[in-house]
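**Q** Next comes the structure file query-v8.txt, holding compact mmCIF, C-alpha atoms.
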```
# COMPACT_ATOMS: atom_id res chain seq x y z
CA MET A 1 24.46 -7.59 2.70
CA ASP A 2 27.10 -6.15 4.96
CA GLU A 3 28.24 -2.54 5.19
CA PRO A 4 31.08 -1.99 2.66
CA GLY A 5 34.38 -0.38 3.51
CA ALA A 6 35.79 0.58 0.11
CA TRP A 7 36.86 4.19 -0.27
CA VAL A 8 34.70 5.11 -3.31
CA ARG A 9 30.98 4.44 -3.01
CA HIS A 10 28.72 4.31 -6.05
CA LEU A 11 24.93 4.28 -6.27
CA ILE A 12 23.64 2.35 -9.27
CA THR A 13 19.93 2.80 -9.90
CA GLY A 14 18.63 -0.27 -11.71
CA GLY A 15 21.68 -2.12 -10.43
CA ALA A 16 19.96 -5.52 -10.60
CA GLY A 17 19.34 -5.09 -14.31
CA PHE A 18 21.34 -6.40 -17.23
CA ILE A 19 23.92 -3.62 -17.50
CA GLY A 20 23.71 -2.63 -13.83
CA SER A 21 24.70 -6.05 -12.52
CA HIS A 22 27.78 -6.20 -14.80
CA LEU A 23 28.71 -2.65 -13.81
CA THR A 24 28.42 -3.57 -10.13
CA GLU A 25 30.83 -6.47 -10.65
CA ALA A 26 33.34 -4.25 -12.46
CA LEU A 27 33.30 -1.55 -9.77
CA ILE A 28 33.76 -3.92 -6.84
CA ALA A 29 36.50 -5.75 -8.76
CA ALA A 30 38.27 -2.37 -8.93
CA GLY A 31 38.09 -2.07 -5.13
CA ASP A 32 35.08 0.25 -4.87
CA SER A 33 31.74 -0.33 -3.17
CA VAL A 34 28.25 -0.20 -4.63
CA VAL A 35 24.77 0.54 -3.38
CA ILE A 36 22.21 -1.08 -5.69
CA LEU A 37 18.78 0.53 -5.88
CA ASP A 38 16.23 -1.60 -7.71
CA ASP A 39 12.51 -2.31 -7.44
CA PHE A 40 12.84 -5.51 -9.52
CA SER A 41 10.15 -4.42 -11.97
CA THR A 42 12.49 -5.42 -14.81
CA GLY A 43 15.71 -6.19 -12.93
CA ARG A 44 16.22 -9.75 -11.72
CA ARG A 45 17.23 -10.90 -8.26
CA GLU A 46 19.29 -13.70 -9.77
CA ASN A 47 21.46 -11.10 -11.53
CA VAL A 48 22.86 -9.98 -8.17
CA ALA A 49 22.25 -13.04 -5.97
CA HIS A 50 25.92 -14.04 -6.24
CA LEU A 51 26.86 -10.69 -4.70
CA ALA A 52 24.94 -11.38 -1.50
CA GLY A 53 27.30 -11.37 1.43
CA SER A 54 29.89 -9.21 -0.27
CA PRO A 55 31.08 -6.46 2.08
CA ALA A 56 31.33 -4.19 -0.97
CA VAL A 57 27.63 -4.33 -1.90
CA ILE A 58 24.45 -3.02 -0.32
CA LEU A 59 21.08 -3.86 -1.87
CA ALA A 60 18.40 -1.23 -1.32
CA GLU A 61 15.08 -2.55 -2.59
CA GLY A 62 13.01 0.41 -3.65
CA SER A 63 12.10 2.75 -6.47
CA VAL A 64 13.71 5.81 -8.03
CA LEU A 65 10.21 7.30 -7.74
CA ASP A 66 10.69 7.53 -3.95
CA PRO A 67 12.28 10.99 -3.47
CA GLY A 68 13.16 10.48 0.20
CA LEU A 69 14.89 7.16 -0.40
CA VAL A 70 16.81 8.48 -3.40
CA ASP A 71 17.92 11.58 -1.50
CA ASP A 72 19.15 9.53 1.46
CA LEU A 73 21.09 7.13 -0.75
CA ILE A 74 22.72 9.81 -2.90
CA ALA A 75 23.71 11.82 0.17
CA ASP A 76 25.74 8.81 1.37
CA VAL A 77 27.70 8.00 -1.82
CA ASP A 78 30.35 9.62 -4.01
CA THR A 79 28.88 8.95 -7.45
CA CYS A 80 25.55 7.96 -9.02
CA ILE A 81 25.07 6.00 -12.23
CA HIS A 82 21.41 6.32 -13.21
CA LEU A 83 20.47 3.22 -15.22
CA ALA A 84 16.95 2.57 -13.90
CA SER A 85 14.48 2.82 -16.77
CA VAL A 86 11.46 1.28 -18.44
CA VAL A 87 13.31 -0.11 -21.45
CA GLY A 88 12.76 -2.36 -24.47
CA VAL A 89 10.69 -1.71 -27.60
CA LYS A 90 7.96 -4.18 -26.66
CA LEU A 91 7.62 -2.76 -23.15
CA VAL A 92 7.68 0.83 -24.37
CA VAL A 93 5.04 0.21 -27.03
CA SER A 94 2.74 -1.88 -24.82
CA ARG A 95 3.06 0.38 -21.74
CA PRO A 96 3.55 3.92 -23.11
CA LEU A 97 2.25 5.64 -19.98
CA ASP A 98 4.73 3.76 -17.78
CA SER A 99 7.54 4.56 -20.18
CA LEU A 100 6.86 8.28 -20.10
CA GLN A 101 5.85 8.84 -16.50
CA ARG A 102 8.28 6.49 -14.75
CA ASN A 103 11.25 7.55 -16.85
CA VAL A 104 10.55 11.29 -16.59
CA ARG A 105 9.77 11.24 -12.87
CA GLY A 106 12.72 8.98 -12.13
CA CYS A 107 15.07 11.25 -14.11
CA ASP A 108 13.83 14.32 -12.27
CA ILE A 109 14.22 12.77 -8.82
CA VAL A 110 17.65 11.18 -9.35
CA ILE A 111 19.29 13.94 -11.38
CA SER A 112 18.01 16.68 -9.08
CA ALA A 113 19.21 14.84 -5.97
CA ALA A 114 22.67 14.30 -7.47
CA ALA A 115 22.90 18.01 -8.29
CA ARG A 116 21.65 19.04 -4.86
CA HIS A 117 24.30 16.93 -3.11
CA ASP A 118 27.03 17.75 -5.67
CA ARG A 119 27.58 14.10 -6.58
CA ARG A 120 29.26 12.95 -9.78
CA LEU A 121 26.49 11.67 -12.05
CA VAL A 122 26.40 9.51 -15.15
CA PHE A 123 22.97 9.42 -16.78
CA ALA A 124 22.37 6.47 -19.11
CA SER A 125 20.51 7.63 -22.18
CA THR A 126 19.95 5.79 -25.44
CA SER A 127 20.60 5.87 -29.16
CA GLU A 128 16.80 6.08 -29.48
CA VAL A 129 17.10 9.85 -28.91
CA TYR A 130 18.54 10.18 -32.44
CA GLY A 131 15.15 9.07 -33.73
CA LYS A 132 14.93 8.84 -37.51
CA GLN A 133 18.46 10.04 -38.13
CA ASN A 134 20.00 7.78 -40.78
CA GLN A 135 23.34 9.47 -41.42
CA ASP A 136 26.48 7.35 -41.67
CA ALA A 137 27.75 8.00 -38.14
CA LEU A 138 25.75 9.73 -35.43
CA GLY A 139 27.79 12.18 -33.39
CA GLU A 140 26.79 13.71 -30.09
CA ASP A 141 25.88 16.99 -31.82
CA SER A 142 23.73 15.36 -34.51
CA ASP A 143 20.16 16.60 -34.67
CA LEU A 144 17.53 14.49 -32.92
CA VAL A 145 14.74 13.69 -35.38
CA LEU A 146 11.78 12.13 -33.60
CA GLY A 147 8.53 10.95 -35.10
CA SER A 148 5.03 11.97 -34.10
CA THR A 149 4.27 12.20 -30.37
CA PHE A 150 1.24 10.04 -31.15
CA LYS A 151 3.48 7.14 -32.18
CA SER A 152 4.16 5.13 -29.02
CA ARG A 153 7.61 4.19 -30.35
CA TRP A 154 8.88 7.68 -29.49
CA GLY A 155 7.76 7.94 -25.86
CA TYR A 156 11.00 6.39 -24.59
CA ALA A 157 13.14 8.72 -26.68
CA ILE A 158 11.15 11.73 -25.49
CA ALA A 159 11.62 10.74 -21.84
CA LYS A 160 15.35 10.15 -22.28
CA SER A 161 15.74 13.43 -24.16
CA TYR A 162 14.14 15.17 -21.20
CA GLY A 163 16.67 13.51 -18.87
CA GLU A 164 19.54 14.64 -21.09
CA ALA A 165 18.24 18.22 -21.13
CA LEU A 166 17.86 18.13 -17.35
CA VAL A 167 21.46 17.00 -16.85
CA HIS A 168 22.65 19.75 -19.18
CA ALA A 169 20.56 22.40 -17.39
CA HIS A 170 21.88 21.40 -13.95
CA CYS A 171 25.46 21.46 -15.23
CA ARG A 172 25.10 24.81 -16.96
CA GLN A 173 23.00 26.65 -14.41
CA GLY A 174 23.97 25.02 -11.14
CA GLY A 175 27.48 23.70 -11.70
CA ALA A 176 26.43 20.06 -11.38
CA ARG A 177 28.91 17.32 -12.38
CA GLY A 178 26.92 15.22 -14.80
CA THR A 179 27.61 13.30 -17.99
CA VAL A 180 25.13 11.77 -20.43
CA VAL A 181 26.12 8.45 -22.02
CA ARG A 182 24.12 7.35 -25.05
CA LEU A 183 24.15 3.55 -25.23
CA PHE A 184 23.91 1.81 -28.61
CA ASN A 185 22.50 -1.72 -28.55
CA THR A 186 24.38 -3.30 -25.67
CA ILE A 187 24.08 -7.11 -25.59
CA GLY A 188 25.39 -9.94 -23.45
CA PRO A 189 24.54 -12.40 -20.67
CA ARG A 190 21.55 -11.55 -18.44
CA GLN A 191 19.77 -9.45 -21.06
CA ALA A 192 16.07 -10.30 -21.10
CA GLY A 193 14.40 -11.15 -24.40
CA GLU A 194 10.83 -10.65 -23.23
CA TYR A 195 10.98 -6.86 -23.51
CA GLY A 196 11.84 -6.87 -27.21
CA MET A 197 15.65 -7.22 -27.05
CA VAL A 198 16.51 -8.88 -30.32
CA VAL A 199 19.65 -10.94 -29.56
CA PRO A 200 18.44 -12.92 -26.52
CA ARG A 201 15.09 -13.47 -28.23
CA LEU A 202 16.69 -14.89 -31.38
CA VAL A 203 19.16 -16.97 -29.36
CA GLN A 204 16.35 -18.46 -27.30
CA GLN A 205 14.48 -19.36 -30.48
CA ALA A 206 17.56 -20.95 -32.05
CA LEU A 207 18.37 -23.01 -28.96
CA THR A 208 14.83 -24.35 -28.66
CA GLY A 209 14.42 -25.18 -32.35
CA ARG A 210 11.82 -22.53 -33.11
CA ASP A 211 11.71 -20.25 -36.12
CA LEU A 212 13.76 -17.08 -35.70
CA THR A 213 11.31 -14.21 -36.14
CA VAL A 214 12.76 -11.16 -37.87
CA TYR A 215 10.50 -8.12 -38.02
CA GLY A 216 9.98 -6.26 -41.29
CA ASP A 217 12.21 -7.34 -44.16
CA GLY A 218 15.30 -7.63 -41.96
CA SER A 219 17.27 -5.01 -43.86
CA GLN A 220 17.34 -2.60 -40.88
CA THR A 221 20.83 -2.45 -39.42
CA ARG A 222 22.22 -2.01 -35.90
CA CYS A 223 25.64 -1.89 -34.24
CA PHE A 224 25.92 -4.24 -31.25
CA ILE A 225 28.39 -3.92 -28.39
CA HIS A 226 29.31 -6.45 -25.70
CA VAL A 227 28.11 -5.42 -22.24
CA LEU A 228 31.65 -5.70 -20.85
CA ASP A 229 32.83 -3.09 -23.36
CA THR A 230 29.91 -0.84 -22.41
CA VAL A 231 30.68 -1.22 -18.70
CA ARG A 232 34.36 -0.42 -19.22
CA ALA A 233 33.40 2.69 -21.17
CA ILE A 234 31.04 3.85 -18.41
CA THR A 235 33.71 3.44 -15.73
CA LEU A 236 36.23 5.38 -17.82
CA VAL A 237 33.75 8.20 -18.43
CA LEU A 238 32.92 8.29 -14.73
CA GLU A 239 36.57 8.96 -13.93
CA GLN A 240 37.04 11.60 -16.65
CA GLU A 241 36.52 15.17 -15.49
CA LEU A 242 36.58 16.41 -19.09
CA ALA A 243 33.37 14.44 -19.72
CA ILE A 244 31.38 16.59 -17.27
CA GLY A 245 28.67 18.58 -18.99
CA ARG A 246 28.89 16.49 -22.16
CA ALA A 247 27.10 13.70 -23.97
CA VAL A 248 29.19 10.68 -24.95
CA ASN A 249 28.21 7.89 -27.34
CA ILE A 250 29.03 4.34 -26.24
CA GLY A 251 28.76 1.73 -28.95
CA ASN A 252 30.44 -0.31 -31.63
CA ASP A 253 30.63 1.06 -35.16
CA VAL A 254 30.43 -2.34 -36.91
CA GLU A 255 27.06 -2.47 -38.68
CA ILE A 256 24.98 -5.60 -39.35
CA SER A 257 21.45 -6.14 -40.69
CA ILE A 258 18.98 -7.96 -38.48
CA LEU A 259 18.60 -10.60 -41.17
CA GLU A 260 22.37 -11.17 -41.11
CA LEU A 261 22.28 -11.19 -37.32
CA ALA A 262 19.68 -13.98 -37.30
CA ALA A 263 21.79 -16.00 -39.76
CA ARG A 264 24.87 -15.43 -37.58
CA ILE A 265 23.00 -16.71 -34.51
CA ILE A 266 21.90 -19.84 -36.38
CA ASP A 267 25.52 -20.37 -37.35
CA ARG A 268 26.87 -19.84 -33.81
CA THR A 269 24.34 -22.28 -32.34
CA ASP A 270 24.48 -24.72 -35.29
CA SER A 271 20.70 -24.63 -35.17
CA ASP A 272 18.30 -26.13 -37.71
CA SER A 273 15.86 -23.26 -37.19
CA ARG A 274 14.55 -21.20 -40.09
CA ILE A 275 14.25 -17.42 -40.36
CA VAL A 276 10.70 -16.12 -40.73
CA LEU A 277 9.85 -12.52 -41.59
CA VAL A 278 7.07 -10.99 -39.49
CA PRO A 279 5.36 -7.69 -40.40
CA TYR A 280 5.86 -4.95 -37.82
CA GLU A 281 2.14 -4.50 -37.30
CA HIS A 282 1.86 -8.16 -36.25
CA ALA A 283 4.63 -7.71 -33.68
CA TYR A 284 3.84 -4.24 -32.32
CA GLY A 285 0.42 -3.23 -33.67
CA GLN A 286 -0.58 -0.60 -36.21
CA GLY A 287 1.45 2.58 -36.56
CA PHE A 288 4.83 1.26 -35.41
CA GLU A 289 7.82 3.00 -37.00
CA GLU A 290 11.15 1.22 -37.50
CA LEU A 291 14.54 2.79 -38.14
CA GLY A 292 16.63 1.88 -41.16
CA ARG A 293 20.00 2.17 -39.45
CA ARG A 294 21.72 3.61 -36.40
CA THR A 295 25.52 3.81 -36.29
CA PRO A 296 27.47 5.62 -33.57
CA ASP A 297 30.43 7.93 -33.94
CA VAL A 298 32.52 7.13 -30.86
CA THR A 299 35.31 9.62 -31.52
CA VAL A 300 34.53 11.60 -28.37
CA LEU A 301 34.69 8.50 -26.17
CA ARG A 302 38.03 7.45 -27.68
CA GLN A 303 39.53 10.94 -27.35
CA LEU A 304 38.43 11.32 -23.74
CA THR A 305 39.35 7.86 -22.47
CA GLY A 306 41.36 5.92 -25.06
CA TRP A 307 38.60 3.28 -25.07
CA THR A 308 38.29 0.74 -27.85
CA PRO A 309 36.03 -2.35 -27.85
CA GLN A 310 37.72 -5.59 -26.86
CA HIS A 311 34.97 -8.04 -27.84
CA THR A 312 33.54 -9.00 -31.23
CA LEU A 313 29.91 -9.61 -32.13
CA ASP A 314 30.62 -13.36 -32.15
CA ASP A 315 32.06 -13.07 -28.63
CA ALA A 316 28.85 -11.41 -27.49
CA ILE A 317 26.60 -13.92 -29.23
CA ASP A 318 28.57 -16.85 -27.80
CA ASP A 319 28.28 -15.39 -24.28
CA VAL A 320 24.53 -14.93 -24.70
CA VAL A 321 24.26 -18.51 -26.00
CA ALA A 322 26.17 -19.89 -23.00
CA TYR A 323 23.99 -17.91 -20.59
CA GLU A 324 20.74 -18.98 -22.25
CA GLN A 325 21.89 -22.60 -22.37
CA GLY A 326 22.28 -22.56 -18.60
CA ARG A 327 19.00 -20.73 -18.06
CA LEU A 328 16.98 -22.90 -20.44
CA GLY A 329 18.78 -26.15 -19.65
CA VAL A 330 19.58 -26.89 -23.30
CA VAL A 331 22.84 -27.73 -25.06
CA ALA A 332 23.72 -26.19 -28.41
CA ARG A 333 26.08 -27.79 -30.88
CA ALA A 334 29.45 -26.04 -31.14
CA PRO A 335 29.69 -23.45 -33.94
CA ASP A 336 32.09 -23.89 -36.82
CA ASP A 337 34.25 -20.76 -36.54
CA GLY A 338 35.51 -21.18 -40.07
CA ALA A 339 32.07 -21.24 -41.71
CA ASP A 340 30.30 -18.25 -43.18
CA PRO A 341 26.92 -17.35 -41.62
CA ALA A 342 24.09 -19.37 -43.09
CA GLY A 343 21.51 -17.87 -45.42
CA LEU A 344 17.78 -18.15 -45.10
```
Is it possible to give me this structure as structure tokens?
**A**
Amino acid sequence: MDEPGAWVRHLITGGAGFIGSHLTEALIAAGDSVVILDDFSTGRRENVAHLAGSPAVILAEGSVLDPGLVDDLIADVDTCIHLASVVGVKLVVSRPLDSLQRNVRGCDIVISAAARHDRRLVFASTSEVYGKQNQDALGEDSDLVLGSTFKSRWGYAIAKSYGEALVHAHCRQGGARGTVVRLFNTIGPRQAGEYGMVVPRLVQQALTGRDLTVYGDGSQTRCFIHVLDTVRAITLVLEQELAIGRAVNIGNDVEISILELAARIIDRTDSDSRIVLVPYEHAYGQGFEELGRRTPDVTVLRQLTGWTPQHTLDDAIDDVVAYEQGRLGVVARAPDDGADPAGL
């Protein structure tokens, strides 16, 4: 890829991932340039293949665990958006050592380099840090209530909490210019289902005529946000000086149960698939802990940037369906927009 000439240069760690690739597109569409750092451990080359040849994009294949590479890249850009992470419930539970060590070491290397070079930093954290909190709307100052350190579910949250604390410490003690964004269940095209992400997994099952597997009793609720709304929020936060030194929730506050989500996906694909309930221990092994609900309070984001979501859950599902149709080579029947979601 050629050397870019745009006036603002961004480093996106994990830029070949699901969110990173969409963020790259948004930034270059705005006239900026992007350096993508990715080791393709979970990111996909096809996510950024269409950007090859763009004078606004440089692809640096490598790891955030390489301190020299990270330092060189950050020294040559204006901002850093740290997205690189071992992510996904299935991946976190099956590879707890990777989740802890890679996330903690990567956070330390990237955040410290950004502070050392005085670069604007956005650190992508997660709603997982709220742990077992079940209050109506989780604000940035809500307590973080994690489970036992011997439950592998919490390793990811622990690592991300460390990253958040590190950003805060650099801002408070060293005058760094960092912001933490806590992402709530971002979905959309290019998201991989194999790491435990529920929407692409259920869509793939619906499109191929398999049973849709819902873990537990399906009553657990989540709030899903289209990746394009997440990306727009990140870019707005990046530009907002008042966000420095703060944590900012990014999410949609419309709540839906996973059982209702599965029914909605069957409706949007007009699939004949059934919904089957699977015990958590069959999916993740003994000792897995699930959360009842997790709803964001996005007041801070709206006050700082004026952001509001522009896409509905159906928009996001339809975009995932279209992407998976192309990837799987299948054709779904058109949904009936006037019909209520199907039951079991």
**Q** Go through A:Gly216, A:Gly131, A:Ala115, A:Ser41 one by one, measure the shortest atom-to-atom distance of each to A:Gln173 using all atoms listed in the file, and give the residue with the smallest value.
**A** A:Ala115
**Q** Counting all atoms listed in the file, select every polymer residue within 10 Å of (9.4, -8.5, -45.8) as defined in the file's coordinates, and provide the selection as a PyMOL selection string.
**A** chain A and resi 214-219+276-280
**Q** When you count only C-alpha atoms, which of these residues is closest to A:Ala16: A:Ala262, A:Val248, A:Val77, A:Leu83?
**A**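 Between A:Ala262, A:Val248, A:Val77, A:Leu83, the residue approaching A:Ala16 most closely is A:Leu83.
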**Q** Would you mind telling me which residue in A:Gly251, A:Gly139, A:Gly147, A:Gly188 lies nearest to A:Val300 when using all atoms listed in the file?
**A** A:Gly139
**Q** Of the candidates A:Ala316, A:Leu51, A:Leu146, A:Val34, which shows the shortest atom-to-atom distance to A:Arg190, using only C-alpha atoms?
**A**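 Smallest distance to A:Arg190 is found for A:Ala316.
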**Q** Between A:Asp141, A:Glu128, A:Asp253, A:Asp270, which one has atoms that come closest to A:Gly209, using only C-alpha atoms?
**A**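 Answer, going by the shortest atom-to-atom distance: A:Asp270.
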**Q** For the atom pair atom CA of A:Glu281 and atom CA of A:Ile266, what is the interatomic distance in Å to one decimal place?
**A** 25.0 Å
**Q** Neighbourhood query: residues within 9 Å of (27.4, 18.0, -9.5), file coordinates, counting all atoms listed in the file; return as a PyMOL selection string.
**A** chain A and resi 114-121+170-171+174-178+244
